[in-house]
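Source file: start04.cif; contents: mmCIF, C-alpha atoms.
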data_start
#
loop_
_atom_site.group_PDB
_atom_site.id
_atom_site.type_symbol
_atom_site.label_atom_id
_atom_site.label_comp_id
_atom_site.auth_asym_id
_atom_site.auth_seq_id
_atom_site.Cartn_x
_atom_site.Cartn_y
_atom_site.Cartn_z
ATOM 1 C CA MET P 209 128.514 93.600 69.824
ATOM 2 C CA ASN P 210 126.214 94.805 67.057
ATOM 3 C CA TYR P 211 127.237 97.628 64.727
ATOM 4 C CA TYR P 212 124.918 99.921 62.793
ATOM 5 C CA LEU P 213 125.760 101.792 59.614
ATOM 6 C CA GLY P 214 123.585 104.656 58.466
ATOM 7 C CA ILE P 215 124.132 105.923 54.920
ATOM 8 C CA ASP P 216 122.689 109.176 53.586
ATOM 9 C CA GLY P 217 123.294 109.524 49.851
ATOM 10 C CA GLY P 218 122.462 112.577 47.771
ATOM 11 C CA GLY P 219 123.434 114.199 44.513
ATOM 12 C CA SER P 220 126.491 115.968 45.940
ATOM 13 C CA LYS P 221 127.799 113.708 48.698
ATOM 14 C CA THR P 222 127.255 110.425 50.517
ATOM 15 C CA GLU P 223 127.776 110.195 54.267
ATOM 16 C CA PHE P 224 128.448 106.979 56.179
ATOM 17 C CA VAL P 225 128.182 106.855 59.980
ATOM 18 C CA LEU P 226 129.007 103.751 62.004
ATOM 19 C CA CYS P 227 127.567 103.635 65.529
ATOM 20 C CA ASP P 228 126.597 101.279 68.316
ATOM 21 C CA GLY P 229 123.068 100.582 69.492
ATOM 22 C CA LYS P 230 123.121 103.461 71.976
ATOM 23 C CA GLY P 231 123.909 106.079 69.341
ATOM 24 C CA ASN P 232 127.618 106.480 70.012
ATOM 25 C CA VAL P 233 129.279 107.390 66.707
ATOM 26 C CA LEU P 234 132.356 105.254 66.095
ATOM 27 C CA LYS P 235 133.400 106.482 62.663
ATOM 28 C CA LYS P 236 132.302 108.843 59.897
ATOM 29 C CA LEU P 237 133.104 108.786 56.177
ATOM 30 C CA ILE P 238 132.229 111.141 53.309
ATOM 31 C CA LYS P 239 132.223 110.135 49.642
ATOM 32 C CA GLY P 240 130.896 111.699 46.455
ATOM 33 C CA GLY P 241 127.304 111.792 45.258
ATOM 34 C CA SER P 242 125.554 108.441 44.903
ATOM 35 C CA ASN P 243 122.268 109.184 43.115
ATOM 36 C CA PRO P 244 122.060 106.239 40.689
ATOM 37 C CA ASN P 245 120.217 108.387 38.159
ATOM 38 C CA ASP P 246 123.261 110.672 38.001
ATOM 39 C CA ILE P 247 126.178 108.250 38.157
ATOM 40 C CA GLY P 248 124.524 104.970 37.108
ATOM 41 C CA VAL P 249 123.239 102.284 39.424
ATOM 42 C CA ASP P 250 126.362 100.110 39.049
ATOM 43 C CA ASN P 251 128.615 103.011 40.036
ATOM 44 C CA CYS P 252 126.269 103.796 42.929
ATOM 45 C CA GLU P 253 126.468 100.201 44.160
ATOM 46 C CA LYS P 254 130.272 100.232 43.913
ATOM 47 C CA LEU P 255 130.556 103.545 45.788
ATOM 48 C CA LEU P 256 128.382 102.208 48.599
ATOM 49 C CA ARG P 257 130.195 98.878 48.800
ATOM 50 C CA ASP P 258 133.559 100.633 48.865
ATOM 51 C CA GLY P 259 132.283 102.939 51.600
ATOM 52 C CA VAL P 260 131.053 100.024 53.723
ATOM 53 C CA ASN P 261 134.376 98.200 53.390
ATOM 54 C CA GLU P 262 136.355 101.353 54.183
ATOM 55 C CA ILE P 263 134.417 102.388 57.274
ATOM 56 C CA THR P 264 134.299 98.872 58.707
ATOM 57 C CA GLY P 265 137.840 97.912 57.741
ATOM 58 C CA GLY P 266 136.389 94.991 55.831
ATOM 59 C CA GLY P 267 134.781 93.429 58.894
ATOM 60 C CA HIS P 268 131.066 92.932 58.459
ATOM 61 C CA GLN P 269 130.179 90.657 61.365
ATOM 62 C CA ASN P 270 127.063 91.769 63.258
ATOM 63 C CA LEU P 271 126.587 94.743 60.920
ATOM 64 C CA PHE P 272 123.175 96.236 60.093
ATOM 65 C CA ILE P 273 122.916 98.752 57.251
ATOM 66 C CA TYR P 274 120.284 101.304 56.335
ATOM 67 C CA ALA P 275 120.867 103.350 53.183
ATOM 68 C CA GLY P 276 118.685 106.293 52.235
ATOM 69 C CA ILE P 277 119.740 107.124 48.686
ATOM 70 C CA SER P 278 118.407 109.896 46.481
ATOM 71 C CA GLY P 279 117.041 108.325 43.290
ATOM 72 C CA ALA P 280 116.852 104.817 44.755
ATOM 73 C CA GLY P 281 113.089 104.714 44.251
ATOM 74 C CA VAL P 282 113.349 104.947 40.454
ATOM 75 C CA GLY P 283 112.972 101.732 38.449
ATOM 76 C CA ASN P 284 114.742 98.748 40.015
ATOM 77 C CA ASN P 285 117.569 100.818 41.537
ATOM 78 C CA MET P 286 116.566 99.900 45.078
ATOM 79 C CA GLU P 287 116.676 96.167 44.415
ATOM 80 C CA ILE P 288 120.069 96.338 42.699
ATOM 81 C CA ILE P 289 121.615 98.407 45.510
ATOM 82 C CA MET P 290 120.164 96.172 48.207
ATOM 83 C CA ASN P 291 121.442 93.011 46.495
ATOM 84 C CA GLY P 292 124.881 94.586 46.271
ATOM 85 C CA LEU P 293 125.024 95.441 49.967
ATOM 86 C CA ALA P 294 123.377 92.280 51.339
ATOM 87 C CA PRO P 295 126.570 90.146 51.365
ATOM 88 C CA LEU P 296 128.304 92.772 53.520
ATOM 89 C CA CYS P 297 125.989 92.635 56.543
ATOM 90 C CA LYS P 298 123.454 90.670 58.564
ATOM 91 C CA LYS P 299 120.550 92.815 57.347
ATOM 92 C CA VAL P 300 120.129 95.778 54.997
ATOM 93 C CA GLU P 301 117.342 98.106 53.991
ATOM 94 C CA VAL P 302 117.521 100.598 51.107
ATOM 95 C CA GLN P 303 114.991 103.357 50.523
ATOM 96 C CA ALA P 304 114.774 106.738 48.861
ATOM 97 C CA ASP P 305 116.534 109.341 50.986
ATOM 98 C CA LEU P 306 113.293 111.050 52.083
ATOM 99 C CA HIS P 307 112.510 108.185 54.489
ATOM 100 C CA GLY P 308 115.702 108.715 56.478
ATOM 101 C CA ALA P 309 115.205 112.466 56.352
ATOM 102 C CA MET P 310 111.733 112.084 57.840
ATOM 103 C CA GLU P 311 113.207 110.057 60.689
ATOM 104 C CA TYR P 312 115.304 113.002 61.860
ATOM 105 C CA SER P 313 113.030 115.908 60.889
ATOM 106 C CA LEU P 314 109.418 114.904 61.578
ATOM 107 C CA LYS P 315 110.341 111.874 63.712
ATOM 108 C CA ASP P 316 107.002 110.296 64.727
ATOM 109 C CA ASN P 317 104.895 113.378 63.951
ATOM 110 C CA ASP P 318 102.617 113.997 60.991
ATOM 111 C CA GLY P 319 103.456 116.867 58.687
ATOM 112 C CA ILE P 320 105.256 117.927 55.541
ATOM 113 C CA MET P 321 108.985 117.547 55.022
ATOM 114 C CA VAL P 322 110.596 119.940 52.568
ATOM 115 C CA VAL P 323 113.955 118.989 51.067
ATOM 116 C CA CYS P 324 116.034 121.807 49.566
ATOM 117 C CA GLY P 325 119.478 120.476 48.762
ATOM 118 C CA THR P 326 120.988 119.740 45.355
ATOM 119 C CA GLY P 327 117.401 118.844 44.420
ATOM 120 C CA ILE P 328 114.029 119.904 45.819
ATOM 121 C CA SER P 329 110.998 117.889 46.908
ATOM 122 C CA CYS P 330 108.308 117.502 49.549
ATOM 123 C CA ALA P 331 107.038 114.439 51.363
ATOM 124 C CA LEU P 332 103.831 114.173 53.361
ATOM 125 C CA LYS P 333 103.474 111.986 56.449
ATOM 126 C CA GLN P 334 100.015 111.162 57.778
ATOM 127 C CA GLY P 335 100.094 108.204 60.130
ATOM 128 C CA GLU P 336 101.796 105.357 58.292
ATOM 129 C CA THR P 337 101.137 106.936 54.897
ATOM 130 C CA ILE P 338 103.996 108.723 53.140
ATOM 131 C CA LYS P 339 103.456 110.495 49.821
ATOM 132 C CA GLY P 340 105.865 112.472 47.703
ATOM 133 C CA VAL P 341 105.104 115.816 46.079
ATOM 134 C CA GLY P 342 107.582 117.155 43.539
ATOM 135 C CA GLY P 343 111.033 115.616 43.452
ATOM 136 C CA TYR P 344 110.817 114.866 39.733
ATOM 137 C CA GLY P 345 114.520 115.509 39.134
ATOM 138 C CA TYR P 346 116.349 118.597 37.951
ATOM 139 C CA LEU P 347 115.108 118.302 34.361
ATOM 140 C CA PHE P 348 111.515 118.830 35.470
ATOM 141 C CA GLU P 349 111.721 121.057 38.543
ATOM 142 C CA ASP P 350 110.858 124.765 38.462
ATOM 143 C CA GLY P 351 113.368 126.127 40.965
ATOM 144 C CA GLY P 352 114.395 126.276 44.605
ATOM 145 C CA SER P 353 117.106 123.617 44.498
ATOM 146 C CA GLY P 354 120.850 124.096 44.781
ATOM 147 C CA TYR P 355 121.027 123.109 41.125
ATOM 148 C CA ALA P 356 118.532 125.857 40.205
ATOM 149 C CA TYR P 357 120.430 128.545 42.123
ATOM 150 C CA GLY P 358 123.700 127.468 40.493
ATOM 151 C CA ARG P 359 122.120 127.263 37.041
ATOM 152 C CA ASP P 360 120.667 130.748 37.400
ATOM 153 C CA ALA P 361 124.058 132.119 38.473
ATOM 154 C CA ILE P 362 125.715 130.700 35.355
ATOM 155 C CA LYS P 363 122.889 131.961 33.119
ATOM 156 C CA ALA P 364 123.204 135.466 34.569
ATOM 157 C CA VAL P 365 126.902 135.573 33.682
ATOM 158 C CA LEU P 366 126.259 134.175 30.202
ATOM 159 C CA HIS P 367 123.679 136.922 29.643
ATOM 160 C CA TYR P 368 126.244 139.493 30.770
ATOM 161 C CA GLU P 369 128.864 138.073 28.411
ATOM 162 C CA ASP P 370 126.367 138.211 25.552
ATOM 163 C CA GLY P 371 125.877 141.917 26.183
ATOM 164 C CA TYR P 372 122.354 142.207 27.583
ATOM 165 C CA GLY P 373 122.677 140.971 31.161
ATOM 166 C CA LYS P 374 123.532 143.144 34.138
ATOM 167 C CA ASN P 375 126.924 143.221 35.788
ATOM 168 C CA SER P 376 126.964 141.702 39.275
ATOM 169 C CA THR P 377 129.141 140.057 41.887
ATOM 170 C CA LEU P 378 128.465 136.794 40.047
ATOM 171 C CA VAL P 379 130.619 137.760 37.069
ATOM 172 C CA LEU P 380 133.953 137.653 38.880
ATOM 173 C CA ALA P 381 132.901 134.788 41.155
ATOM 174 C CA VAL P 382 131.699 132.480 38.393
ATOM 175 C CA LYS P 383 134.600 133.329 36.082
ATOM 176 C CA SER P 384 137.062 132.572 38.865
ATOM 177 C CA LYS P 385 135.581 129.075 39.118
ATOM 178 C CA THR P 386 135.481 128.463 35.352
ATOM 179 C CA LYS P 387 138.912 130.099 34.978
ATOM 180 C CA GLY P 388 137.775 132.554 32.327
ATOM 181 C CA ASP P 389 134.700 133.487 30.322
ATOM 182 C CA VAL P 390 131.858 131.047 30.761
ATOM 183 C CA ARG P 391 130.820 130.507 27.134
ATOM 184 C CA PRO P 392 134.058 128.735 26.133
ATOM 185 C CA HIS P 393 133.503 126.350 29.065
ATOM 186 C CA LEU P 394 129.903 125.417 28.174
ATOM 187 C CA ALA P 395 130.849 121.893 27.081
ATOM 188 C CA GLU P 396 132.425 121.238 30.478
ATOM 189 C CA LEU P 397 129.478 122.763 32.357
ATOM 190 C CA LEU P 398 127.005 120.675 30.388
ATOM 191 C CA SER P 399 128.913 117.463 31.030
ATOM 192 C CA ARG P 400 129.754 117.678 34.730
ATOM 193 C CA GLY P 401 126.271 117.106 36.125
ATOM 194 C CA LYS P 402 123.878 118.762 38.537
ATOM 195 C CA ALA P 403 126.082 118.544 41.629
ATOM 196 C CA TYR P 404 128.757 120.627 39.910
ATOM 197 C CA ILE P 405 126.189 123.188 38.761
ATOM 198 C CA ALA P 406 124.848 123.349 42.331
ATOM 199 C CA SER P 407 128.354 124.209 43.546
ATOM 200 C CA PHE P 408 127.861 127.691 42.026
ATOM 201 C CA ALA P 409 124.897 128.394 44.333
ATOM 202 C CA PRO P 410 126.968 129.884 47.210
ATOM 203 C CA PHE P 411 127.973 132.731 44.876
ATOM 204 C CA VAL P 412 124.293 133.714 44.738
ATOM 205 C CA PHE P 413 123.915 133.568 48.510
ATOM 206 C CA ASP P 414 127.014 135.705 48.992
ATOM 207 C CA GLY P 415 125.790 138.256 46.452
ATOM 208 C CA TYR P 416 122.367 138.338 48.053
ATOM 209 C CA ASN P 417 123.902 139.177 51.417
ATOM 210 C CA LYS P 418 125.763 142.019 49.683
ATOM 211 C CA LYS P 419 122.428 143.233 48.204
ATOM 212 C CA ASP P 420 123.556 142.578 44.641
ATOM 213 C CA GLU P 421 120.543 143.232 42.377
ATOM 214 C CA VAL P 422 120.990 140.172 40.177
ATOM 215 C CA CYS P 423 121.476 137.838 43.128
ATOM 216 C CA VAL P 424 118.481 139.293 44.962
ATOM 217 C CA LYS P 425 116.297 138.540 41.934
ATOM 218 C CA ILE P 426 117.620 134.972 41.652
ATOM 219 C CA VAL P 427 116.931 134.354 45.344
ATOM 220 C CA ASN P 428 113.457 135.887 45.204
ATOM 221 C CA ASP P 429 112.517 133.883 42.095
ATOM 222 C CA ASN P 430 113.698 130.603 43.612
ATOM 223 C CA ILE P 431 112.076 131.296 46.977
ATOM 224 C CA ALA P 432 108.805 131.925 45.117
ATOM 225 C CA GLN P 433 109.093 128.516 43.449
ATOM 226 C CA THR P 434 109.838 126.874 46.799
ATOM 227 C CA ILE P 435 106.802 128.520 48.388
ATOM 228 C CA ALA P 436 104.621 127.404 45.466
ATOM 229 C CA LEU P 437 105.754 123.795 45.950
ATOM 230 C CA ILE P 438 105.005 123.948 49.674
ATOM 231 C CA GLU P 439 101.573 125.458 49.006
ATOM 232 C CA ASN P 440 100.829 122.584 46.619
ATOM 233 C CA ALA P 441 102.037 120.070 49.219
ATOM 234 C CA ILE P 442 99.718 121.620 51.822
ATOM 235 C CA LEU P 443 96.858 121.369 49.322
ATOM 236 C CA VAL P 444 97.532 117.638 48.933
ATOM 237 C CA TYR P 445 98.013 117.255 52.690
ATOM 238 C CA GLY P 446 94.534 118.717 53.158
ATOM 239 C CA LYS P 447 95.073 120.554 56.435
ATOM 240 C CA ARG P 448 96.442 123.927 57.490
ATOM 241 C CA PRO P 449 98.023 124.898 59.823
ATOM 242 C CA CYS P 450 100.389 121.950 59.844
ATOM 243 C CA THR P 451 103.967 121.065 60.720
ATOM 244 C CA LEU P 452 106.634 121.908 58.147
ATOM 245 C CA ALA P 453 110.068 120.339 58.606
ATOM 246 C CA PHE P 454 112.982 121.534 56.473
ATOM 247 C CA VAL P 455 116.144 119.660 55.529
ATOM 248 C CA GLY P 456 118.989 120.380 53.136
ATOM 249 C CA GLY P 457 121.769 122.918 52.832
ATOM 250 C CA ILE P 458 119.656 125.754 51.422
ATOM 251 C CA THR P 459 117.335 125.632 54.442
ATOM 252 C CA LYS P 460 120.256 126.811 56.615
ATOM 253 C CA GLN P 461 120.379 130.168 54.827
ATOM 254 C CA ALA P 462 119.008 133.063 56.912
ATOM 255 C CA PHE P 463 117.066 134.530 53.971
ATOM 256 C CA PHE P 464 115.373 131.167 53.410
ATOM 257 C CA ARG P 465 114.251 130.786 57.010
ATOM 258 C CA LYS P 466 112.996 134.378 57.181
ATOM 259 C CA ALA P 467 110.914 133.994 54.016
ATOM 260 C CA ILE P 468 109.427 130.673 55.144
ATOM 261 C CA GLU P 469 108.581 131.842 58.658
ATOM 262 C CA GLU P 470 106.863 134.957 57.281
ATOM 263 C CA LYS P 471 104.873 133.092 54.615
ATOM 264 C CA PHE P 472 103.882 130.154 56.818
ATOM 265 C CA SER P 473 103.561 131.956 60.146
ATOM 266 C CA ASP P 474 100.442 129.923 60.961
ATOM 267 C CA CYS P 475 102.369 126.633 60.680
ATOM 268 C CA LYS P 476 104.884 125.025 63.005
ATOM 269 C CA THR P 477 108.278 125.194 61.284
ATOM 270 C CA ILE P 478 111.139 122.868 62.222
ATOM 271 C CA PHE P 479 114.722 123.460 61.111
ATOM 272 C CA SER P 480 116.533 120.480 62.565
ATOM 273 C CA ALA P 481 120.095 120.876 63.828
ATOM 274 C CA LEU P 482 120.701 117.143 63.449
ATOM 275 C CA ALA P 483 122.786 115.844 60.552
ATOM 276 C CA PRO P 484 120.664 114.120 57.855
ATOM 277 C CA VAL P 485 122.586 110.883 58.372
ATOM 278 C CA TYR P 486 121.131 110.716 61.898
ATOM 279 C CA GLY P 487 117.859 109.468 60.443
ATOM 280 C CA ALA P 488 119.686 106.731 58.540
ATOM 281 C CA ALA P 489 121.477 105.667 61.724
ATOM 282 C CA VAL P 490 118.173 105.449 63.602
ATOM 283 C CA LYS P 491 116.634 103.320 60.870
ATOM 284 C CA ALA P 492 119.690 101.039 60.859
ATOM 285 C CA VAL P 493 119.262 100.381 64.582
ATOM 286 C CA LYS P 494 115.532 99.765 64.136
ATOM 287 C CA LEU P 495 116.406 96.852 61.863
ATOM 288 C CA ASN P 496 117.498 94.937 64.959
ATOM 289 C CA GLU P 497 116.461 96.616 68.222
ATOM 290 C CA LYS P 498 114.527 99.413 69.871
ATOM 291 C CA ILE P 499 115.978 102.908 70.013
ATOM 292 C CA ASP P 500 117.667 103.721 73.316
ATOM 293 C CA GLU P 501 116.106 106.710 75.101
ATOM 294 C CA ASN P 502 119.502 108.463 75.092
ATOM 295 C CA PHE P 503 120.226 107.671 71.444
ATOM 296 C CA GLU P 504 119.815 111.228 70.122
ATOM 297 C CA ASN P 505 121.881 112.772 72.912
ATOM 298 C CA ASN P 506 124.646 110.210 72.462
ATOM 299 C CA PHE P 507 124.674 110.705 68.696
ATOM 300 C CA THR P 508 124.773 114.496 68.981
ATOM 301 C CA ARG P 509 127.590 114.382 71.532
ATOM 302 C CA SER P 510 129.768 111.952 69.568
ATOM 303 C CA TYR P 511 129.028 112.998 65.974
ATOM 304 C CA PRO P 512 132.158 114.557 64.421
ATOM 305 C CA ASP P 513 131.249 117.801 62.674
ATOM 306 C CA ALA P 514 134.553 118.058 60.866
#
Translate the structure described by the file into structure tokens.
Amino acid sequence: MNYYLGIDGGGSKTEFVLCDGKGNVLKKLIKGGSNPNDIGVDNCEKLLRDGVNEITGGGHQNLFIYAGISGAGVGNNMEIIMNGLAPLCKKVEVQADLHGAMEYSLKDNDGIMVVCGTGISCALKQGETIKGVGGYGYLFEDGGSGYAYGRDAIKAVLHYEDGYGKNSTLVLAVKSKTKGDVRPHLAELLSRGKAYIASFAPFVFDGYNKKDEVCVKIVNDNIAQTIALIENAILVYGKRPCTLAFVGGITKQAFFRKAIEEKFSDCKTIFSALAPVYGAAVKAVKLNEKIDENFENNFTRSYPDA
């Protein structure tokens, strides 16, 4: 029997799903973020190898692996990761995470995929051509990512502590996480990376739902940056209306979907209910055989949400 391992690695978490060729999920595993530009390519390779050994119990016979890893397309990261995983399976393919995400969002259709997770980016699919727009990394992005929402939450509290920012629901929420005033914890905040900063984003979403003025402004500013990125992607795509597919945790927020559907009412918008790792599982199977017509149904039925 052949086994297929799909890996979806981002800045905050890495998900492993082992399934058979018909899409029946046999086992699921979650580990920490695996972006090699955040944790180093050697640490990324080790995390992935450890994950493969754990989910398979060390047995790699008849195993096919597809790994879609955020940051894998930078430098020679992809080659290093692939060489590290190759001894553990019959065949492996490693790509940037957008390829797996396209498999479960756009599937075989042309259009624009918008990723709003820890980071933010767009990818265009026209036939066999795939082109990225944005996705430069948190140091160079304008806003709209989980990192940006979390960063803006921390900044708002720092401004309040300095005496010129407005009070908001963020003050108590952020200080509860930092266990006191934020300024004394700046060294820790600066050292823990973008995934930790992104973990403050839910405080903004909660405050927005409570109509907190500061949180409403943060959401509106970041939504504006997201819309600007999508508009630029459509400009590069060269055709409107078009299909827009959204993936990532932020795209599940009601305010996000409402803003997108109002702004791009002329476009077909897709908010997939499938887990991102589904695309990686599909691409793992495609390394060896055709996709069973019941693959998606079997995967959805057997995928453990918990």
Problem - Neighbour list for Thr477 of chain P as a list of chain:residue names, cut-off 9 Å, only C-alpha atoms, skip fewer than 5 positions in-chain - result: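 Listing them by chain and then by number gives P:Cys450, P:Thr451, P:Leu452, P:Ala453, P:Phe454, P:Ile468, P:Glu469, P:Phe472.
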Kindly provide the residues of segment 315-374 of chain P that approach segment 225-246 of chain P to within 12 Å, each paired with its closest atom pair and their distance in Å to one decimal, based on all atoms listed in the file, listed by chain and increasing number, as CSV.
residue,atom,partner,partner_atom,distance
P:Thr326,CA,P:Gly241,CA,10.2
P:Gly327,CA,P:Asn243,CA,10.9
P:Tyr344,CA,P:Asn245,CA,11.5
P:Gly345,CA,P:Asn245,CA,9.2
P:Tyr346,CA,P:Asp246,CA,10.5
P:Leu347,CA,P:Asp246,CA,11.7
Exercise for the section: Between P:Ile277, P:Thr222, P:Ala309, P:Gln269, single out the one closest to Pro295 of chain P, counting all atoms listed in the file. Expected result: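 For Pro295 of chain P, the nearest of the given residues is P:Gln269.
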Exercise for the section: Tell me which of P:Leu380, P:Ala441, P:Leu314, P:Ile435 sits closest to Glu470 of chain P, counting all atoms listed in the file. Expected result: P:Ile435
Completion exercise
Counting only C-alpha atoms, closest pick from P:Glu369, P:Ile289, P:Cys330, P:Gly354 relative to Leu437 of chain P is P:Cys330
Exercise for the section: Quick one: pull the distance between atom CA of Cys297 of chain P and atom CA of Gly217 of chain P, Å, one decimal. Expected result: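 Pair atom CA of Cys297 of chain P / atom CA of Gly217 of chain P returns 18.4 Å.
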Let me know the centre plus edge lengths, in Å and rounded to one decimal, of a box with edges along x, y and z that contains all listed atoms of segment 349-360 of chain P and is padded by 4 Å on every side, as lines of an AutoDock Vina configuration file.
center_x = 117.3
center_y = 125.9
center_z = 40.9
size_x = 20.8
size_y = 17.7
size_z = 15.7
Rebuild segment 251-275 of chain P so that it carries N, CA and C atoms, then output the result as a JSON list (two decimals), keeping the file's coordinate frame.
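Written output follows (selection.json):
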[["chain", "number", "residue", "atom", "x", "y", "z"],
["P", 251, "ASN", "N", 127.65, 102.15, 39.36],
["P", 251, "ASN", "CA", 128.62, 103.01, 40.04],
["P", 251, "ASN", "C", 128.15, 103.35, 41.45],
["P", 252, "CYS", "N", 126.84, 103.55, 41.61],
["P", 252, "CYS", "CA", 126.27, 103.80, 42.93],
["P", 252, "CYS", "C", 126.53, 102.61, 43.85],
["P", 253, "GLU", "N", 126.25, 101.42, 43.36],
["P", 253, "GLU", "CA", 126.47, 100.20, 44.16],
["P", 253, "GLU", "C", 127.94, 100.07, 44.56],
["P", 254, "LYS", "N", 128.83, 100.34, 43.62],
["P", 254, "LYS", "CA", 130.27, 100.23, 43.91],
["P", 254, "LYS", "C", 130.69, 101.26, 44.96],
["P", 255, "LEU", "N", 130.22, 102.50, 44.81],
["P", 255, "LEU", "CA", 130.56, 103.54, 45.79],
["P", 255, "LEU", "C", 130.11, 103.14, 47.19],
["P", 256, "LEU", "N", 128.90, 102.60, 47.29],
["P", 256, "LEU", "CA", 128.38, 102.21, 48.60],
["P", 256, "LEU", "C", 129.14, 101.02, 49.17],
["P", 257, "ARG", "N", 129.43, 100.04, 48.33],
["P", 257, "ARG", "CA", 130.20, 98.88, 48.80],
["P", 257, "ARG", "C", 131.60, 99.29, 49.26],
["P", 258, "ASP", "N", 132.23, 100.15, 48.48],
["P", 258, "ASP", "CA", 133.56, 100.63, 48.86],
["P", 258, "ASP", "C", 133.50, 101.39, 50.19],
["P", 259, "GLY", "N", 132.45, 102.19, 50.36],
["P", 259, "GLY", "CA", 132.28, 102.94, 51.60],
["P", 259, "GLY", "C", 132.09, 102.03, 52.80],
["P", 260, "VAL", "N", 131.28, 100.98, 52.64],
["P", 260, "VAL", "CA", 131.05, 100.02, 53.72],
["P", 260, "VAL", "C", 132.36, 99.34, 54.11],
["P", 261, "ASN", "N", 133.11, 98.88, 53.11],
["P", 261, "ASN", "CA", 134.38, 98.20, 53.39],
["P", 261, "ASN", "C", 135.38, 99.14, 54.06],
["P", 262, "GLU", "N", 135.40, 100.40, 53.62],
["P", 262, "GLU", "CA", 136.35, 101.35, 54.18],
["P", 262, "GLU", "C", 136.04, 101.69, 55.64],
["P", 263, "ILE", "N", 134.77, 101.94, 55.92],
["P", 263, "ILE", "CA", 134.42, 102.39, 57.27],
["P", 263, "ILE", "C", 134.45, 101.25, 58.28],
["P", 264, "THR", "N", 134.27, 100.02, 57.80],
["P", 264, "THR", "CA", 134.30, 98.87, 58.71],
["P", 264, "THR", "C", 135.66, 98.18, 58.71],
["P", 265, "GLY", "N", 136.56, 98.60, 57.84],
["P", 265, "GLY", "CA", 137.84, 97.91, 57.74],
["P", 265, "GLY", "C", 137.71, 96.52, 57.16],
["P", 266, "GLY", "N", 136.62, 96.30, 56.45],
["P", 266, "GLY", "CA", 136.39, 94.99, 55.83],
["P", 266, "GLY", "C", 135.72, 93.98, 56.74],
["P", 267, "GLY", "N", 135.45, 94.35, 57.98],
["P", 267, "GLY", "CA", 134.78, 93.43, 58.89],
["P", 267, "GLY", "C", 133.29, 93.70, 58.96],
["P", 268, "HIS", "N", 132.50, 92.73, 58.57],
["P", 268, "HIS", "CA", 131.07, 92.93, 58.46],
["P", 268, "HIS", "C", 130.25, 92.12, 59.46],
["P", 269, "GLN", "N", 130.90, 91.50, 60.41],
["P", 269, "GLN", "CA", 130.18, 90.66, 61.36],
["P", 269, "GLN", "C", 129.27, 91.53, 62.24],
["P", 270, "ASN", "N", 128.04, 91.07, 62.41],
["P", 270, "ASN", "CA", 127.06, 91.77, 63.26],
["P", 270, "ASN", "C", 126.81, 93.21, 62.80],
["P", 271, "LEU", "N", 126.80, 93.41, 61.49],
["P", 271, "LEU", "CA", 126.59, 94.74, 60.92],
["P", 271, "LEU", "C", 125.19, 94.84, 60.32],
["P", 272, "PHE", "N", 124.50, 95.94, 60.64],
["P", 272, "PHE", "CA", 123.18, 96.24, 60.09],
["P", 272, "PHE", "C", 123.27, 97.56, 59.34],
["P", 273, "ILE", "N", 122.75, 97.58, 58.11],
["P", 273, "ILE", "CA", 122.92, 98.75, 57.25],
["P", 273, "ILE", "C", 121.56, 99.29, 56.83],
["P", 274, "TYR", "N", 121.41, 100.62, 56.97],
["P", 274, "TYR", "CA", 120.28, 101.30, 56.34],
["P", 274, "TYR", "C", 120.86, 102.37, 55.41],
["P", 275, "ALA", "N", 120.41, 102.37, 54.16],
["P", 275, "ALA", "CA", 120.87, 103.35, 53.18],
["P", 275, "ALA", "C", 119.68, 104.11, 52.63]]
